[in-house]
file run_35.txt (compact mmCIF, C-alpha atoms)
# COMPACT_ATOMS: atom_id res chain seq x y z
CA MET A 306 -67.96 -2.89 -127.64
CA SER A 307 -66.99 0.53 -128.84
CA GLY A 308 -65.58 3.19 -126.59
CA ILE A 309 -67.52 5.51 -124.38
CA ALA A 310 -67.13 8.50 -126.65
CA ASP A 311 -68.46 6.60 -129.68
CA ASN A 312 -71.65 5.40 -128.06
CA LEU A 313 -74.83 7.32 -128.78
CA THR A 314 -76.67 5.95 -125.75
CA ILE A 315 -74.10 7.52 -123.43
CA TYR A 316 -74.99 10.98 -124.69
CA LEU A 317 -78.71 10.29 -124.67
CA THR A 318 -78.59 8.97 -121.10
CA LEU A 319 -76.56 11.98 -119.98
CA SER A 320 -79.10 14.25 -121.64
CA ALA A 321 -81.94 12.44 -119.88
CA ILE A 322 -80.16 12.86 -116.52
CA PHE A 323 -79.65 16.58 -117.17
CA PHE A 324 -83.31 16.92 -118.13
CA VAL A 325 -84.50 15.16 -114.98
CA PHE A 326 -82.31 17.32 -112.76
CA GLY A 327 -83.71 20.36 -114.54
CA ILE A 328 -87.24 19.18 -113.80
CA LEU A 329 -86.30 18.56 -110.17
CA ALA A 330 -84.78 22.04 -109.84
CA THR A 331 -87.84 23.60 -111.45
CA LEU A 332 -90.30 21.76 -109.21
CA THR A 333 -88.53 21.90 -105.85
CA ARG A 334 -86.87 25.32 -105.77
CA LYS A 335 -88.49 28.06 -103.76
CA ASN A 336 -86.80 30.77 -105.78
CA ILE A 337 -87.52 32.18 -109.23
CA ILE A 338 -83.82 32.07 -110.09
CA GLY A 339 -83.70 28.42 -109.09
CA LEU A 340 -86.58 27.67 -111.45
CA PHE A 341 -84.77 29.56 -114.15
CA MET A 342 -81.59 27.52 -113.65
CA GLY A 343 -83.65 24.34 -113.97
CA VAL A 344 -85.07 25.59 -117.28
CA GLU A 345 -81.52 26.28 -118.49
CA LEU A 346 -80.54 22.70 -117.63
CA MET A 347 -83.50 21.32 -119.58
CA LEU A 348 -82.67 23.47 -122.61
CA ASN A 349 -79.08 22.24 -122.47
CA ALA A 350 -80.26 18.64 -122.36
CA ALA A 351 -82.38 19.16 -125.48
CA ALA A 352 -79.53 20.87 -127.32
CA LEU A 353 -77.13 18.07 -126.38
CA ASN A 354 -79.60 15.58 -127.87
CA PHE A 355 -79.69 17.48 -131.15
CA VAL A 356 -75.90 17.57 -131.42
CA ALA A 357 -75.58 13.88 -130.51
CA PHE A 358 -78.14 12.84 -133.13
CA ASN A 359 -76.35 14.99 -135.68
CA ALA A 360 -72.97 13.43 -134.92
CA PHE A 361 -74.31 9.86 -135.11
CA SER A 362 -76.52 10.44 -138.11
CA LYS A 363 -76.28 8.23 -141.19
CA GLU A 364 -75.52 11.26 -143.30
CA ALA A 365 -72.89 12.67 -140.96
CA HIS A 366 -70.26 14.55 -142.87
CA SER A 367 -68.63 17.88 -142.35
CA SER A 368 -71.34 19.98 -144.01
CA TRP A 369 -74.44 18.18 -142.72
CA LEU A 370 -75.06 20.23 -139.60
CA HIS A 371 -78.81 20.64 -139.12
CA GLY A 372 -78.62 19.48 -135.50
CA HIS A 373 -75.95 22.08 -134.82
CA ILE A 374 -78.20 24.81 -136.24
CA PHE A 375 -81.05 23.69 -134.00
CA SER A 376 -78.78 23.79 -130.94
CA LEU A 377 -77.56 27.23 -131.95
CA PHE A 378 -81.14 28.51 -132.09
CA ILE A 379 -81.82 26.92 -128.70
CA ILE A 380 -78.85 28.82 -127.26
CA ILE A 381 -80.09 32.09 -128.81
CA LEU A 382 -83.59 31.58 -127.41
CA ALA A 383 -82.09 30.79 -124.00
CA ALA A 384 -80.27 34.12 -124.11
CA ILE A 385 -83.54 35.94 -124.88
CA GLU A 386 -85.21 34.02 -122.09
CA ALA A 387 -82.45 35.04 -119.68
CA ALA A 388 -82.97 38.72 -120.48
CA VAL A 389 -86.75 38.58 -120.08
CA ALA A 390 -86.52 36.43 -116.94
CA LEU A 391 -84.09 38.82 -115.27
CA ALA A 392 -86.40 41.73 -116.11
CA ILE A 393 -89.36 39.92 -114.54
CA VAL A 394 -87.27 39.01 -111.48
CA LEU A 395 -86.29 42.67 -111.10
CA ARG A 396 -89.93 43.80 -111.29
CA VAL A 397 -91.14 41.14 -108.86
CA PHE A 398 -88.34 41.98 -106.45
CA ALA A 399 -89.13 45.70 -106.67
CA MET A 400 -92.80 45.06 -105.93
CA LYS A 401 -92.68 42.24 -103.39
CA ARG A 402 -89.20 42.52 -101.82
CA ASN A 403 -88.69 38.79 -102.30
CA ILE A 404 -88.55 36.38 -105.19
CA ASP A 405 -90.46 33.44 -103.81
CA PRO A 406 -92.77 32.28 -106.61
CA ASP A 407 -95.44 31.26 -104.10
CA HIS A 408 -95.78 34.89 -103.03
CA SER A 409 -96.55 36.15 -106.53
CA VAL A 410 -100.07 34.87 -106.94
CA GLU A 411 -102.21 37.80 -108.04
CA LEU A 412 -102.22 38.91 -111.62
CA LYS A 413 -102.68 42.66 -111.25
CA GLY A 414 -100.78 43.87 -108.23
CA MET B 1177 -59.82 3.68 -123.42
CA SER B 1178 -58.68 6.45 -125.67
CA THR B 1179 -58.12 10.04 -124.67
CA VAL B 1180 -61.53 11.07 -125.96
CA ASP B 1181 -63.16 8.35 -123.86
CA ILE B 1182 -61.49 9.61 -120.71
CA PHE B 1183 -62.48 13.17 -121.61
CA VAL B 1184 -66.12 12.24 -122.16
CA LEU B 1185 -66.18 10.24 -118.94
CA ALA B 1186 -64.74 13.15 -116.97
CA MET B 1187 -67.24 15.56 -118.55
CA ALA B 1188 -70.11 13.17 -117.79
CA ILE B 1189 -69.14 12.80 -114.12
CA MET B 1190 -68.62 16.54 -113.70
CA GLY B 1191 -71.91 17.30 -115.45
CA VAL B 1192 -74.02 14.86 -113.45
CA ILE B 1193 -72.56 15.94 -110.10
CA SER B 1194 -72.94 19.64 -110.84
CA ALA B 1195 -76.48 19.17 -112.23
CA ALA B 1196 -77.40 17.41 -108.99
CA LEU B 1197 -75.94 20.33 -107.06
CA VAL B 1198 -77.99 22.76 -109.18
CA ALA B 1199 -81.12 20.90 -108.22
CA PHE B 1200 -80.40 20.24 -104.55
CA HIS B 1201 -77.86 22.64 -103.07
CA PRO B 1202 -79.61 24.70 -100.40
CA ASN B 1203 -77.60 27.83 -101.17
CA ILE B 1204 -78.74 29.42 -104.41
CA LEU B 1205 -75.35 31.04 -105.00
CA HIS B 1206 -73.56 27.70 -104.86
CA ALA B 1207 -76.20 26.24 -107.15
CA ALA B 1208 -75.51 29.01 -109.68
CA VAL B 1209 -71.77 28.34 -109.48
CA SER B 1210 -72.30 24.62 -110.04
CA LEU B 1211 -74.51 25.49 -113.03
CA ILE B 1212 -71.32 26.93 -114.55
CA PHE B 1213 -69.65 23.52 -114.33
CA SER B 1214 -72.74 21.81 -115.72
CA LEU B 1215 -72.72 24.11 -118.76
CA LEU B 1216 -68.96 23.62 -119.11
CA SER B 1217 -69.42 19.87 -119.25
CA VAL B 1218 -72.07 20.27 -121.95
CA ALA B 1219 -69.58 22.42 -123.87
CA GLY B 1220 -66.98 19.69 -123.49
CA LEU B 1221 -69.44 17.11 -124.81
CA TYR B 1222 -70.11 19.36 -127.79
CA GLY B 1223 -66.38 19.37 -128.41
CA ALA B 1224 -66.23 15.57 -128.14
CA LEU B 1225 -69.06 15.32 -130.66
CA GLY B 1226 -67.16 17.41 -133.18
CA ALA B 1227 -69.21 20.59 -132.75
CA ASP B 1228 -66.45 23.13 -132.28
CA PHE B 1229 -68.53 26.20 -133.12
CA LEU B 1230 -71.28 25.16 -130.73
CA ALA B 1231 -68.78 24.50 -127.94
CA ALA B 1232 -67.43 28.02 -128.41
CA ALA B 1233 -70.93 29.49 -128.58
CA GLN B 1234 -71.90 27.62 -125.42
CA LEU B 1235 -68.85 29.01 -123.62
CA ILE B 1236 -69.43 32.57 -124.80
CA ILE B 1237 -73.21 32.85 -124.51
CA TYR B 1238 -74.01 30.56 -121.60
CA VAL B 1239 -70.95 30.66 -119.38
CA GLY B 1240 -70.04 34.22 -120.31
CA GLY B 1241 -73.46 35.78 -120.60
CA ILE B 1242 -76.34 33.92 -119.03
CA ILE B 1243 -74.37 32.86 -115.95
CA VAL B 1244 -73.38 36.47 -115.36
CA VAL B 1245 -77.02 37.48 -115.58
CA ILE B 1246 -78.04 34.69 -113.17
CA LEU B 1247 -75.27 35.59 -110.71
CA PHE B 1248 -76.33 39.23 -110.89
CA ALA B 1249 -79.91 38.27 -110.11
CA VAL B 1250 -78.72 36.03 -107.24
CA MET B 1251 -76.56 38.77 -105.76
CA MET B 1252 -79.38 41.26 -106.10
CA SER B 1253 -81.86 39.13 -104.22
CA GLU B 1254 -81.36 39.71 -100.55
CA ASN B 1255 -81.32 37.04 -97.83
CA ILE B 1256 -79.14 34.68 -99.83
CA TYR B 1257 -77.61 33.30 -96.69
CA ARG B 1258 -80.39 33.90 -94.24
CA SER B 1259 -83.06 31.52 -95.44
CA ARG B 1260 -82.77 28.15 -97.03
CA PHE B 1261 -84.36 28.18 -100.42
CA LEU B 1262 -85.26 24.53 -100.53
CA ASP B 1263 -87.66 24.41 -97.59
CA ASN B 1264 -90.91 23.80 -99.41
CA GLY B 1265 -92.59 21.99 -96.57
CA GLY B 1266 -91.65 18.47 -97.60
CA LYS B 1267 -93.38 18.70 -100.98
CA PHE B 1268 -90.86 16.36 -102.54
CA LEU B 1269 -93.09 13.40 -103.31
CA PHE B 1270 -94.61 14.65 -106.55
CA PRO B 1271 -91.38 16.03 -108.10
CA PHE B 1272 -89.38 12.91 -107.29
CA THR B 1273 -92.07 10.58 -108.53
CA LEU B 1274 -92.44 12.53 -111.76
CA SER B 1275 -88.67 12.67 -112.30
CA LEU B 1276 -88.22 8.98 -111.65
CA VAL B 1277 -91.03 8.13 -114.05
CA ILE B 1278 -89.54 10.38 -116.75
CA LEU B 1279 -86.01 9.04 -116.23
CA PHE B 1280 -87.21 5.45 -116.27
CA GLY B 1281 -89.30 6.00 -119.40
CA LEU B 1282 -86.51 7.82 -121.23
CA SER B 1283 -83.93 5.15 -120.41
CA LYS B 1284 -86.35 2.43 -121.55
CA PHE B 1285 -86.86 4.26 -124.83
CA ILE B 1286 -83.13 4.82 -125.28
CA ALA B 1287 -82.37 1.15 -124.62
CA ALA B 1288 -85.23 -0.17 -126.74
CA THR B 1289 -84.78 1.97 -129.85
CA PRO B 1290 -82.61 0.40 -132.57
CA TRP B 1291 -80.41 3.36 -133.38
CA PRO B 1292 -79.29 3.28 -137.01
CA ARG B 1293 -75.60 3.89 -136.49
CA THR B 1294 -73.95 3.79 -133.11
CA GLU B 1295 -70.35 3.06 -133.92
CA VAL B 1296 -68.31 6.13 -134.54
CA VAL B 1297 -68.60 9.88 -134.44
CA ASN B 1298 -67.52 11.88 -137.43
CA ARG B 1299 -64.81 13.59 -135.45
CA ASN B 1300 -62.93 15.15 -138.31
CA LEU B 1301 -60.52 17.97 -137.89
CA THR B 1302 -62.23 20.40 -140.24
CA THR B 1303 -64.06 23.26 -138.61
CA THR B 1304 -67.84 23.55 -138.77
CA VAL B 1305 -67.86 27.35 -138.80
CA GLU B 1306 -68.02 27.73 -142.57
CA SER B 1307 -70.84 25.21 -142.97
CA ILE B 1308 -72.90 26.77 -140.17
CA GLY B 1309 -72.40 30.24 -141.64
CA LEU B 1310 -73.44 29.08 -145.10
CA ALA B 1311 -76.49 27.31 -143.67
CA LEU B 1312 -77.53 30.42 -141.72
CA VAL B 1313 -77.59 32.55 -144.86
CA GLY B 1314 -78.84 29.73 -147.10
CA PRO B 1315 -81.61 27.31 -146.09
CA TYR B 1316 -82.01 28.81 -142.62
CA ALA B 1317 -82.03 32.49 -143.63
CA ILE B 1318 -85.70 33.01 -142.75
CA VAL B 1319 -85.25 31.39 -139.34
CA PHE B 1320 -82.17 33.51 -138.77
CA GLN B 1321 -84.12 36.71 -139.47
CA TYR B 1322 -87.00 35.51 -137.34
CA VAL B 1323 -84.67 34.82 -134.40
CA ALA B 1324 -83.21 38.29 -134.84
CA ILE B 1325 -86.70 39.80 -134.59
CA VAL B 1326 -87.47 37.68 -131.53
CA LEU B 1327 -84.20 38.80 -129.91
CA LEU B 1328 -84.94 42.46 -130.60
CA SER B 1329 -88.52 42.28 -129.31
CA GLY B 1330 -87.41 40.27 -126.30
CA LEU B 1331 -84.80 42.84 -125.36
CA ILE B 1332 -87.27 45.72 -125.84
CA GLY B 1333 -89.80 43.84 -123.73
CA ALA B 1334 -87.20 43.23 -121.03
CA VAL B 1335 -86.39 46.95 -120.91
CA VAL B 1336 -90.08 47.86 -120.74
CA VAL B 1337 -90.73 45.35 -117.96
CA ALA B 1338 -87.68 46.24 -115.88
CA ARG B 1339 -88.08 50.02 -116.16
CA PRO B 1340 -89.68 51.69 -113.13
CA HIS B 1341 -93.23 52.71 -113.91
CA HIS B 1342 -94.18 56.32 -113.34
CA HIS B 1343 -97.59 55.81 -111.82
CA GLU B 1344 -96.07 53.65 -109.09
CA ASP B 1345 -93.64 56.45 -108.24
CA GLU B 1346 -96.57 58.86 -107.98
CA LYS B 1347 -98.45 56.43 -105.76
CA ARG B 1348 -95.40 56.02 -103.58
CA GLY B 1349 -94.87 59.80 -103.41
CA ALA B 1350 -98.50 60.53 -102.54
call {"tool": "encode", "arguments": {"input": "run_35.txt", "output": "structure tokens"}}
result
Amino acid sequence: MSGIADNLTIYLTLSAIFFVFGILATLTRKNIIGLFMGVELMLNAAALNFVAFNAFSKEAHSSWLHGHIFSLFIIILAAIEAAVALAIVLRVFAMKRNIDPDHSVELKG
Amino acid sequence: MSTVDIFVLAMAIMGVISAALVAFHPNILHAAVSLIFSLLSVAGLYGALGADFLAAAQLIIYVGGIIVVILFAVMMSENIYRSRFLDNGGKFLFPFTLSLVILFGLSKFIAATPWPRTEVVNRNLTTTVESIGLALVGPYAIVFQYVAIVLLSGLIGAVVVARPHHHEDEKRGA
């Protein structure tokens, strides 16, 4: 029995738990920002999976870092998503005076 | 248990608790603050997996940038404290069922898959910065440029969306 830190299933299970909490936040929140935080949790879970697979790979050495690159691109795309999501939240708030996603139902307001 | 084991265990407990708070805390501001701790625990796990550059990038971009944006959006939305944001009329059955099914399926897959090497992490003391930099200008150069274009167009699109439109001002003035 190896230690906790050297066990791939620990990281995968943690990532699954993060992902499920992200899904729960996305489905149960009544707030666009809450949905957005759930999406961030899910992206983090996916990135953690990539890094864990990279670290436990058969070819793991100091210059074999493809999983790290994938996680880096996930972080960059999450930053873009944050900018666009905040812009949409600002527009919806300016038009509707609240950010409940159930109130934004028509396409051309 | 070694020091790294204790560190990973602490990060795991902190991450799970704060992720649960992100999903279930009725106050959206507290949920955003607990998202900080969730992202911090992911950064700590990156560090435990030997990804020093990614841990730093996670701290800078997520905790330093995205969280600030989220907190700004939370502060900007009024009635933070007046209404509870979780009152969706008891529509909890479908999300919980779906989440339990996904968690159960994922844990079954994780337990059933024969992972090729689950003994030790390559936790060497050399930094990964040089390798990541070389990969970004070598085999991943096209992807790097593409992400740059996506970032630029996303930021321009965010400015266009968030800018007040002139015809709405005229409508409001008329």
call {"tool": "atom_distance", "arguments": {"input": "run_35.txt", "atom1": "CA of Ala1317 in chain B", "atom2": "CA of Gly1240 in chain B"}}
result
26.3 Å
call {"tool": "residues_around", "arguments": {"input": "run_35.txt", "residues": "Ile1237 in chain B", "least_positions_apart": "6", "cutoff": "12 Å", "atoms": "all atoms listed in the file", "output": "list in words"}}
result
Leu377, Phe378, Ile379, Ile380, Ile381, Leu382, Ala383, Ala384, Ile385 and Ala387 of chain A; Ile1212, Leu1215, Leu1216, Ala1219, Phe1229, Leu1230, Ala1231, Ile1243, Val1244 and Val1245 of chain B
call {"tool": "atom_distance", "arguments": {"input": "run_35.txt", "atom1": "CA of Val1250 in chain B", "atom2": "CA of Leu1211 in chain B"}}
result
12.7 Å
call {"tool": "residues_around", "arguments": {"input": "run_35.txt", "residues": "range 1188-1203 of chain B", "least_positions_apart": "6", "cutoff": "9 Å", "atoms": "all atoms listed in the file", "output": "PDB file with C-alpha atoms, in the coordinates of the input"}}
result
ATOM      1  CA  ILE A 315     -74.100   7.520-123.430  1.00  0.00           C
ATOM      2  CA  TYR A 316     -74.990  10.980-124.690  1.00  0.00           C
ATOM      3  CA  LEU A 319     -76.560  11.980-119.980  1.00  0.00           C
ATOM      4  CA  ILE A 322     -80.160  12.860-116.520  1.00  0.00           C
ATOM      5  CA  PHE A 323     -79.650  16.580-117.170  1.00  0.00           C
ATOM      6  CA  PHE A 326     -82.310  17.320-112.760  1.00  0.00           C
ATOM      7  CA  GLY A 327     -83.710  20.360-114.540  1.00  0.00           C
ATOM      8  CA  ILE A 328     -87.240  19.180-113.800  1.00  0.00           C
ATOM      9  CA  LEU A 329     -86.300  18.560-110.170  1.00  0.00           C
ATOM     10  CA  ALA A 330     -84.780  22.040-109.840  1.00  0.00           C
ATOM     11  CA  THR A 331     -87.840  23.600-111.450  1.00  0.00           C
ATOM     12  CA  THR A 333     -88.530  21.900-105.850  1.00  0.00           C
ATOM     13  CA  ARG A 334     -86.870  25.320-105.770  1.00  0.00           C
ATOM     14  CA  GLY A 339     -83.700  28.420-109.090  1.00  0.00           C
ATOM     15  CA  MET A 342     -81.590  27.520-113.650  1.00  0.00           C
ATOM     16  CA  GLY A 343     -83.650  24.340-113.970  1.00  0.00           C
ATOM     17  CA  LEU A 346     -80.540  22.700-117.630  1.00  0.00           C
TER      18      LEU A 346
ATOM     19  CA  VAL B1209     -71.770  28.340-109.480  1.00  0.00           C
ATOM     20  CA  SER B1210     -72.300  24.620-110.040  1.00  0.00           C
ATOM     21  CA  LEU B1211     -74.510  25.490-113.030  1.00  0.00           C
ATOM     22  CA  ILE B1212     -71.320  26.930-114.550  1.00  0.00           C
ATOM     23  CA  PHE B1213     -69.650  23.520-114.330  1.00  0.00           C
ATOM     24  CA  SER B1214     -72.740  21.810-115.720  1.00  0.00           C
ATOM     25  CA  LEU B1215     -72.720  24.110-118.760  1.00  0.00           C
ATOM     26  CA  LEU B1216     -68.960  23.620-119.110  1.00  0.00           C
ATOM     27  CA  SER B1217     -69.420  19.870-119.250  1.00  0.00           C
ATOM     28  CA  VAL B1218     -72.070  20.270-121.950  1.00  0.00           C
ATOM     29  CA  LEU B1221     -69.440  17.110-124.810  1.00  0.00           C
ATOM     30  CA  ILE B1256     -79.140  34.680 -99.830  1.00  0.00           C
ATOM     31  CA  TYR B1257     -77.610  33.300 -96.690  1.00  0.00           C
ATOM     32  CA  SER B1259     -83.060  31.520 -95.440  1.00  0.00           C
ATOM     33  CA  ARG B1260     -82.770  28.150 -97.030  1.00  0.00           C
ATOM     34  CA  PHE B1261     -84.360  28.180-100.420  1.00  0.00           C
ATOM     35  CA  LEU B1262     -85.260  24.530-100.530  1.00  0.00           C
ATOM     36  CA  ASP B1263     -87.660  24.410 -97.590  1.00  0.00           C
TER      37      ASP B1263
END
call {"tool": "closest_residue", "arguments": {"input": "run_35.txt", "among": "B:Phe1280, B:Phe1183, B:Phe1248, B:Trp1291", "to": "Thr314 in chain A", "atoms": "only C-alpha atoms"}}
result
B:Trp1291
call {"tool": "atom_distance", "arguments": {"input": "run_35.txt", "atom1": "CA of Asp1181 in chain B", "atom2": "CA of Ala1224 in chain B"}}
result
8.9 Å
call {"tool": "residues_near_point", "arguments": {"input": "run_35.txt", "point": "(-83.4, 20.4, -138.8)", "cutoff": "12 Å", "atoms": "all atoms listed in the file", "output": "list in words"}}
result
Phe355, Val356, Phe358, Asn359, Trp369, Leu370, His371, Gly372, His373, Ile374, Phe375, Ser376, Leu377 and Phe378 of chain A; Ala1311, Leu1312, Pro1315, Tyr1316 and Val1319 of chain B
